[in-house]
Amino acid sequence: MKHFTSVTQLGDLTAAFEKARYVKENPFADQNLGRNRTLLMIFFNSSLRTRLSTQKAAMNLGMNVIVLDINQGAWKLETERGVVMDGDKPEHLLEAIPVMGCYCDVIGVRSFARFESREYDYNETILEQFIRYSGKPVFSMEAATRHPLQTFADMITIEEYKTKARPKIVMTWAPHPKALPQAVPNSFAEGINMTGYEFVITHPHGYELDPAFVGNAKVEYDQDKALEGADFVYAKNWAAYSGDNYGKVLSTDRSWTVDSRKMALTDNAYFMHCLPVRRNMIVTDDVIESERSLVIPEAANRVVSAQVILKEILQGL
């Protein structure tokens, strides 16, 4: 594996899940792979689980780790070509990237959608520049359109907790006070579509995702109907994708909050969320604290997903 930007690059899922199982049972078995290798983790945006889990995964593999927060302690970076740099950004990304590549063997990048231009975001402008100019393997720690390490961890979690070969997975939009990217729902949809599970996406009108990610999922605008018989409920907010509404909050309708009444419509479903979560907006306290909540095991599997990917990249060096 050279670069990792999408769960579609996992290849055969049976093999991917077996690799995850091996890493989980033998977290320190491959420390020689990363010995004298350096991972550079670059954050344009805040992080808790991604930062800690990826660093832990790299340490499990024997790697050295450098963490760079672009907005804290680094020069502000210009990202556009042709700009007269007479403002507050003294360094251009096109010089910074190859310099960064000089100091490491593998690069992880976290750069969210900006919501200034859908074309800019969906072309993955920042991530693609790292792939093009760093000269090193690059993996996404969440980009504008996908969060593949999160989705792989989600898929591992479902694999561990499912009780039937083809469970019903429901991804439901839920309200949030701020505009959030489509990266997690896009990526989750992309991953679940790979599994062949029954998959339903439910959201209010106006929150349709890019059809390329929706794929074969059934879209249901009645949340209660969508939740009927569900085995897993994945709650997530996202801002509008379509047209002039791109990046906008069209609704904060609290009737979409996942509560005990909604969960009672399911087949005793597990609740999932990528975290951080706005309690009593996305999900009520009683649901996220219930025995059927998987948010902590899901977060723990972030180490596993990152370690599998780093191991694959290191094996290709």
# chains A, B, ... in the order shown; residues from 1 in each chain; ligands from 1
$ select_by_dssp --residues "range 27-141 of chain A" --states "helix (DSSP H, G or I)" --output "MDAnalysis selection string"
chainID A and resid 31:34 49:60 93:102 118:122 125:133
$ write_last_selection --atoms "N, CA and C atoms" --output "short mmCIF file (atom, residue, chain, number, x, y, z; two decimals), in the first residue's frame"
data_model
loop_
_atom_site.label_atom_id
_atom_site.label_comp_id
_atom_site.auth_asym_id
_atom_site.auth_seq_id
_atom_site.Cartn_x
_atom_site.Cartn_y
_atom_site.Cartn_z
N GLN A 31 7.03 -4.75 15.80
CA GLN A 31 7.79 -3.54 16.13
C GLN A 31 9.03 -3.36 15.25
N ASN A 32 9.57 -4.43 14.73
CA ASN A 32 10.74 -4.29 13.85
C ASN A 32 10.40 -3.57 12.55
N LEU A 33 9.12 -3.63 12.14
CA LEU A 33 8.72 -2.96 10.91
C LEU A 33 8.96 -1.46 10.98
N GLY A 34 8.68 -0.88 12.16
CA GLY A 34 8.78 0.57 12.28
C GLY A 34 10.07 1.08 12.89
N ARG A 49 -9.27 11.53 19.23
CA ARG A 49 -9.13 10.10 18.96
C ARG A 49 -8.13 9.82 17.83
N THR A 50 -8.22 10.59 16.75
CA THR A 50 -7.32 10.35 15.62
C THR A 50 -5.87 10.57 16.03
N ARG A 51 -5.63 11.62 16.77
CA ARG A 51 -4.27 11.93 17.19
C ARG A 51 -3.71 10.85 18.12
N LEU A 52 -4.48 10.52 19.15
CA LEU A 52 -3.98 9.57 20.13
C LEU A 52 -3.90 8.15 19.57
N SER A 53 -4.92 7.74 18.84
CA SER A 53 -4.96 6.36 18.34
C SER A 53 -3.89 6.13 17.28
N THR A 54 -3.68 7.10 16.40
CA THR A 54 -2.68 6.93 15.34
C THR A 54 -1.28 6.95 15.93
N GLN A 55 -1.05 7.81 16.89
CA GLN A 55 0.26 7.84 17.54
C GLN A 55 0.51 6.54 18.30
N LYS A 56 -0.49 6.04 18.98
CA LYS A 56 -0.36 4.76 19.70
C LYS A 56 -0.08 3.63 18.71
N ALA A 57 -0.79 3.61 17.59
CA ALA A 57 -0.58 2.57 16.58
C ALA A 57 0.85 2.60 16.06
N ALA A 58 1.36 3.81 15.79
CA ALA A 58 2.73 3.94 15.29
C ALA A 58 3.74 3.47 16.34
N MET A 59 3.51 3.80 17.60
CA MET A 59 4.40 3.36 18.68
C MET A 59 4.37 1.85 18.83
N ASN A 60 3.18 1.25 18.66
CA ASN A 60 3.07 -0.21 18.72
C ASN A 60 3.93 -0.87 17.65
N LEU A 93 2.53 26.15 1.05
CA LEU A 93 2.45 24.71 1.23
C LEU A 93 3.35 23.96 0.24
N LEU A 94 3.56 24.54 -0.94
CA LEU A 94 4.34 23.85 -1.97
C LEU A 94 5.83 23.78 -1.63
N GLU A 95 6.31 24.66 -0.75
CA GLU A 95 7.66 24.50 -0.21
C GLU A 95 7.63 23.68 1.06
N ALA A 96 6.61 23.90 1.88
CA ALA A 96 6.53 23.22 3.17
C ALA A 96 6.41 21.71 3.01
N ILE A 97 5.63 21.26 2.03
CA ILE A 97 5.39 19.82 1.88
C ILE A 97 6.67 19.05 1.59
N PRO A 98 7.47 19.40 0.57
CA PRO A 98 8.68 18.63 0.34
C PRO A 98 9.68 18.74 1.49
N VAL A 99 9.68 19.87 2.21
CA VAL A 99 10.53 19.97 3.40
C VAL A 99 10.08 18.96 4.45
N MET A 100 8.79 18.89 4.69
CA MET A 100 8.26 17.91 5.64
C MET A 100 8.66 16.50 5.24
N GLY A 101 8.60 16.23 3.94
CA GLY A 101 8.96 14.90 3.45
C GLY A 101 10.40 14.53 3.74
N CYS A 102 11.27 15.53 3.88
CA CYS A 102 12.68 15.27 4.19
C CYS A 102 12.87 14.70 5.59
N ARG A 118 -17.19 23.92 -2.93
CA ARG A 118 -17.37 22.47 -2.98
C ARG A 118 -16.35 21.83 -3.90
N GLU A 119 -16.01 22.51 -5.00
CA GLU A 119 -15.02 21.97 -5.92
C GLU A 119 -13.67 21.82 -5.22
N TYR A 120 -13.26 22.84 -4.49
CA TYR A 120 -11.98 22.80 -3.76
C TYR A 120 -11.97 21.65 -2.77
N ASP A 121 -13.06 21.51 -2.00
CA ASP A 121 -13.13 20.46 -0.99
C ASP A 121 -13.16 19.07 -1.63
N TYR A 122 -14.02 18.88 -2.62
CA TYR A 122 -14.21 17.54 -3.17
C TYR A 122 -13.09 17.13 -4.13
N THR A 125 -7.98 19.10 -2.27
CA THR A 125 -6.85 19.91 -2.69
C THR A 125 -5.64 19.78 -1.77
N ILE A 126 -5.86 19.85 -0.46
CA ILE A 126 -4.74 19.79 0.49
C ILE A 126 -4.12 18.40 0.49
N LEU A 127 -4.93 17.37 0.67
CA LEU A 127 -4.41 16.00 0.73
C LEU A 127 -3.68 15.63 -0.54
N GLU A 128 -4.25 16.00 -1.68
CA GLU A 128 -3.63 15.64 -2.96
C GLU A 128 -2.29 16.33 -3.16
N GLN A 129 -2.12 17.53 -2.61
CA GLN A 129 -0.82 18.19 -2.71
C GLN A 129 0.24 17.45 -1.91
N PHE A 130 -0.14 16.91 -0.76
CA PHE A 130 0.82 16.12 0.01
C PHE A 130 1.21 14.85 -0.75
N ILE A 131 0.25 14.21 -1.36
CA ILE A 131 0.54 13.00 -2.14
C ILE A 131 1.46 13.33 -3.32
N ARG A 132 1.22 14.47 -3.95
CA ARG A 132 1.97 14.83 -5.15
C ARG A 132 3.38 15.31 -4.86
N TYR A 133 3.55 16.07 -3.77
CA TYR A 133 4.81 16.78 -3.57
C TYR A 133 5.68 16.30 -2.42
#
$ closest_atom_pairs --of "range 132-210 of chain A" --to "range 233-250 of chain A" --cutoff "12 Å" --atoms "only C-alpha atoms" --output "JSON lines"
{"residue": "A:Ala144", "atom": "CA", "partner": "A:Gly247", "partner_atom": "CA", "distance": 11.5}
{"residue": "A:Thr145", "atom": "CA", "partner": "A:Tyr241", "partner_atom": "CA", "distance": 10.8}
{"residue": "A:Thr151", "atom": "CA", "partner": "A:Tyr234", "partner_atom": "CA", "distance": 11.2}
{"residue": "A:Asp154", "atom": "CA", "partner": "A:Tyr234", "partner_atom": "CA", "distance": 9.3}
{"residue": "A:Met155", "atom": "CA", "partner": "A:Tyr234", "partner_atom": "CA", "distance": 11.4}
{"residue": "A:Thr157", "atom": "CA", "partner": "A:Tyr234", "partner_atom": "CA", "distance": 11.7}
{"residue": "A:Ile158", "atom": "CA", "partner": "A:Val233", "partner_atom": "CA", "distance": 10.6}
{"residue": "A:Pro167", "atom": "CA", "partner": "A:Val233", "partner_atom": "CA", "distance": 10.9}
{"residue": "A:Lys168", "atom": "CA", "partner": "A:Val233", "partner_atom": "CA", "distance": 8.8}
{"residue": "A:Ile169", "atom": "CA", "partner": "A:Val233", "partner_atom": "CA", "distance": 6.2}
{"residue": "A:Val170", "atom": "CA", "partner": "A:Val233", "partner_atom": "CA", "distance": 5.0}
{"residue": "A:Met171", "atom": "CA", "partner": "A:Tyr234", "partner_atom": "CA", "distance": 4.6}
{"residue": "A:Thr172", "atom": "CA", "partner": "A:Ala235", "partner_atom": "CA", "distance": 4.9}
{"residue": "A:Trp173", "atom": "CA", "partner": "A:Asn237", "partner_atom": "CA", "distance": 5.0}
{"residue": "A:Ala174", "atom": "CA", "partner": "A:Asn237", "partner_atom": "CA", "distance": 5.0}
{"residue": "A:Pro175", "atom": "CA", "partner": "A:Asn237", "partner_atom": "CA", "distance": 6.0}
{"residue": "A:His176", "atom": "CA", "partner": "A:Asn237", "partner_atom": "CA", "distance": 6.2}
{"residue": "A:Pro177", "atom": "CA", "partner": "A:Val249", "partner_atom": "CA", "distance": 7.9}
{"residue": "A:Lys178", "atom": "CA", "partner": "A:Val249", "partner_atom": "CA", "distance": 7.0}
{"residue": "A:Ala179", "atom": "CA", "partner": "A:Ala239", "partner_atom": "CA", "distance": 5.1}
{"residue": "A:Leu180", "atom": "CA", "partner": "A:Trp238", "partner_atom": "CA", "distance": 4.9}
{"residue": "A:Pro181", "atom": "CA", "partner": "A:Trp238", "partner_atom": "CA", "distance": 5.6}
{"residue": "A:Gln182", "atom": "CA", "partner": "A:Trp238", "partner_atom": "CA", "distance": 5.3}
{"residue": "A:Ala183", "atom": "CA", "partner": "A:Trp238", "partner_atom": "CA", "distance": 8.4}
{"residue": "A:Val184", "atom": "CA", "partner": "A:Lys236", "partner_atom": "CA", "distance": 7.9}
{"residue": "A:Pro185", "atom": "CA", "partner": "A:Lys236", "partner_atom": "CA", "distance": 6.9}
{"residue": "A:Asn186", "atom": "CA", "partner": "A:Trp238", "partner_atom": "CA", "distance": 9.6}
{"residue": "A:Ser187", "atom": "CA", "partner": "A:Lys236", "partner_atom": "CA", "distance": 11.8}
{"residue": "A:Phe188", "atom": "CA", "partner": "A:Tyr234", "partner_atom": "CA", "distance": 9.1}
{"residue": "A:Ala189", "atom": "CA", "partner": "A:Tyr234", "partner_atom": "CA", "distance": 10.5}
{"residue": "A:Ile192", "atom": "CA", "partner": "A:Tyr234", "partner_atom": "CA", "distance": 11.2}
{"residue": "A:Phe199", "atom": "CA", "partner": "A:Val233", "partner_atom": "CA", "distance": 10.4}
{"residue": "A:Val200", "atom": "CA", "partner": "A:Val233", "partner_atom": "CA", "distance": 9.8}
{"residue": "A:Ile201", "atom": "CA", "partner": "A:Tyr234", "partner_atom": "CA", "distance": 9.5}
{"residue": "A:Thr202", "atom": "CA", "partner": "A:Ala235", "partner_atom": "CA", "distance": 9.8}
{"residue": "A:His203", "atom": "CA", "partner": "A:Asn237", "partner_atom": "CA", "distance": 9.3}
{"residue": "A:Pro204", "atom": "CA", "partner": "A:Leu250", "partner_atom": "CA", "distance": 9.2}
{"residue": "A:His205", "atom": "CA", "partner": "A:Leu250", "partner_atom": "CA", "distance": 9.3}
{"residue": "A:Gly206", "atom": "CA", "partner": "A:Ala240", "partner_atom": "CA", "distance": 6.4}
{"residue": "A:Tyr207", "atom": "CA", "partner": "A:Ala240", "partner_atom": "CA", "distance": 4.9}
{"residue": "A:Glu208", "atom": "CA", "partner": "A:Tyr241", "partner_atom": "CA", "distance": 6.7}
{"residue": "A:Leu209", "atom": "CA", "partner": "A:Tyr241", "partner_atom": "CA", "distance": 5.9}
{"residue": "A:Asp210", "atom": "CA", "partner": "A:Tyr241", "partner_atom": "CA", "distance": 6.9}
$ residues_around --residues "Tyr270 in chain A" --least-positions-apart "4" --cutoff "10 Å" --atoms "only C-alpha atoms" --output "NGL selection string"
:A and (158 or 161-162 or 169 or 230-234 or 263 or 266 or 287-288 or 290-295)
$ atom_distance --atom1 "CA of Ala226 in chain A" --atom2 "CA of Lys262 in chain A"
10.1 Å
$ residues_around --residues "Val308 in chain A" --least-positions-apart "3" --cutoff "8 Å" --atoms "only C-alpha atoms" --output "short mmCIF file (atom, residue, chain, number, x, y, z; two decimals) with N, CA, C and O atoms, in the first residue's frame"
data_model
loop_
_atom_site.label_atom_id
_atom_site.label_comp_id
_atom_site.auth_asym_id
_atom_site.auth_seq_id
_atom_site.Cartn_x
_atom_site.Cartn_y
_atom_site.Cartn_z
N LYS A 19 -6.66 -9.19 9.27
CA LYS A 19 -5.50 -8.39 9.65
C LYS A 19 -5.80 -7.58 10.91
O LYS A 19 -4.94 -7.45 11.80
N ALA A 20 -7.00 -7.06 11.00
CA ALA A 20 -7.40 -6.29 12.18
C ALA A 20 -7.44 -7.18 13.41
O ALA A 20 -6.99 -6.79 14.50
N VAL A 23 -3.84 -7.84 14.54
CA VAL A 23 -3.25 -6.67 15.20
C VAL A 23 -3.82 -6.50 16.61
O VAL A 23 -3.10 -6.17 17.56
N VAL A 304 -6.58 -0.01 16.19
CA VAL A 304 -6.48 -1.19 15.33
C VAL A 304 -6.50 -0.78 13.86
O VAL A 304 -5.66 -1.23 13.06
N SER A 305 -7.45 0.08 13.49
CA SER A 305 -7.54 0.47 12.07
C SER A 305 -6.28 1.19 11.63
O SER A 305 -5.74 0.93 10.55
N LYS A 311 0.92 -0.59 9.13
CA LYS A 311 1.67 -1.83 8.87
C LYS A 311 1.74 -2.12 7.37
O LYS A 311 2.81 -2.47 6.84
N GLU A 312 0.62 -1.93 6.67
CA GLU A 312 0.62 -2.16 5.23
C GLU A 312 1.54 -1.18 4.52
O GLU A 312 2.26 -1.56 3.59
#
$ residues_around --residues "Met141 in chain A" --least-positions-apart "3" --cutoff "8 Å" --atoms "only C-alpha atoms" --output "PyMOL selection string"
chain A and resi 50+108-111+147-149
$ write_last_selection --atoms "N, CA and C atoms" --output "JSON list (two decimals), in the first residue's frame"
[["chain", "number", "residue", "atom", "x", "y", "z"],
["A", 50, "THR", "N", -8.22, 10.59, 16.75],
["A", 50, "THR", "CA", -7.32, 10.35, 15.62],
["A", 50, "THR", "C", -5.87, 10.57, 16.03],
["A", 108, "GLY", "N", 0.87, 11.41, 7.80],
["A", 108, "GLY", "CA", -0.57, 11.42, 8.01],
["A", 108, "GLY", "C", -1.06, 12.85, 7.98],
["A", 109, "VAL", "N", -2.18, 13.11, 7.30],
["A", 109, "VAL", "CA", -2.69, 14.48, 7.13],
["A", 109, "VAL", "C", -4.15, 14.54, 7.58],
["A", 110, "ARG", "N", -4.44, 15.56, 8.38],
["A", 110, "ARG", "CA", -5.83, 15.82, 8.77],
["A", 110, "ARG", "C", -6.19, 17.24, 8.33],
["A", 111, "SER", "N", -7.12, 17.33, 7.37],
["A", 111, "SER", "CA", -7.51, 18.63, 6.81],
["A", 111, "SER", "C", -8.97, 18.57, 6.41],
["A", 147, "HIS", "N", -13.22, 9.97, 5.88],
["A", 147, "HIS", "CA", -12.46, 9.71, 7.11],
["A", 147, "HIS", "C", -12.23, 8.19, 7.17],
["A", 148, "PRO", "N", -11.32, 7.67, 6.35],
["A", 148, "PRO", "CA", -11.21, 6.21, 6.18],
["A", 148, "PRO", "C", -10.76, 5.45, 7.42],
["A", 149, "LEU", "N", -9.89, 6.03, 8.26],
["A", 149, "LEU", "CA", -9.48, 5.32, 9.48],
["A", 149, "LEU", "C", -10.66, 5.14, 10.42]]
$ select_by_dssp --residues "range 44-217 of chain A" --states "strand (DSSP E or B)" --output "count of residues only"
29
$ closest_residue --among "A:Thr252, A:Met63, A:Phe44, A:Ala300" --to "Arg114 in chain A" --atoms "only C-alpha atoms"
A:Phe44
$ residues_around --residues "Glu78 in chain A" --least-positions-apart "2" --cutoff "10 Å" --atoms "only C-alpha atoms" --output "PyMOL selection string"
chain A and resi 75-76+80-81+83-85+87-94+96
$ residues_around --residues "Thr14 in chain A" --least-positions-apart "4" --cutoff "12 Å" --atoms "only C-alpha atoms" --output "short mmCIF file (atom, residue, chain, number, x, y, z; two decimals) with N, CA, C and O atoms, in the first residue's frame"
data_model
loop_
_atom_site.label_atom_id
_atom_site.label_comp_id
_atom_site.auth_asym_id
_atom_site.auth_seq_id
_atom_site.Cartn_x
_atom_site.Cartn_y
_atom_site.Cartn_z
N LEU A 10 -8.87 -0.92 0.97
CA LEU A 10 -8.63 -2.06 1.86
C LEU A 10 -8.56 -3.37 1.09
O LEU A 10 -7.97 -4.34 1.56
N GLU A 18 -9.33 -9.92 9.03
CA GLU A 18 -8.39 -10.86 9.63
C GLU A 18 -7.11 -10.13 10.06
O GLU A 18 -6.55 -10.42 11.13
N LYS A 19 -6.66 -9.19 9.27
CA LYS A 19 -5.50 -8.39 9.65
C LYS A 19 -5.80 -7.58 10.91
O LYS A 19 -4.94 -7.45 11.80
N ALA A 20 -7.00 -7.06 11.00
CA ALA A 20 -7.40 -6.29 12.18
C ALA A 20 -7.44 -7.18 13.41
O ALA A 20 -6.99 -6.79 14.50
N ARG A 21 -7.95 -8.39 13.24
CA ARG A 21 -8.01 -9.33 14.36
C ARG A 21 -6.60 -9.68 14.84
O ARG A 21 -6.34 -9.73 16.05
N MET A 155 -16.28 -0.39 10.76
CA MET A 155 -16.54 -1.68 10.12
C MET A 155 -16.02 -2.83 10.98
O MET A 155 -16.66 -3.88 11.08
N ILE A 156 -14.86 -2.65 11.59
CA ILE A 156 -14.32 -3.66 12.50
C ILE A 156 -15.27 -3.88 13.67
O ILE A 156 -15.55 -5.02 14.07
N GLU A 159 -18.33 -5.78 12.63
CA GLU A 159 -17.94 -7.18 12.42
C GLU A 159 -17.85 -7.93 13.75
O GLU A 159 -18.25 -9.09 13.84
N MET A 194 -19.58 -1.57 0.75
CA MET A 194 -18.65 -2.65 0.39
C MET A 194 -19.04 -3.98 1.02
O MET A 194 -18.62 -5.04 0.55
N THR A 195 -19.82 -3.94 2.09
CA THR A 195 -20.09 -5.14 2.88
C THR A 195 -21.23 -5.99 2.36
O THR A 195 -21.30 -7.18 2.66
#
$ closest_residue --among "A:Val138, A:Ile309, A:Leu48, A:Ile42" --to "Asn71 in chain A" --atoms "only C-alpha atoms"
A:Ile42
$ closest_residue --among "A:Lys218, A:Arg254, A:Lys136, A:Lys2" --to "Leu39 in chain A" --atoms "only C-alpha atoms"
A:Lys136
$ closest_residue --among "A:Glu142, A:Glu190, A:Asp69, A:Glu289" --to "Gln9 in chain A" --atoms "only C-alpha atoms"
A:Glu190
$ atom_distance --atom1 "CA of Leu317 in chain A" --atom2 "CA of Arg37 in chain A"
10.0 Å
$ closest_residue --among "A:Gln150, A:Asp286, A:Thr79, A:Gln307" --to "Phe28 in chain A" --atoms "only C-alpha atoms"
A:Gln307
$ closest_residue --among "A:Thr8, A:Leu61, A:Phe213, A:Asn45" --to "Asp30 in chain A" --atoms "only C-alpha atoms"
A:Leu61
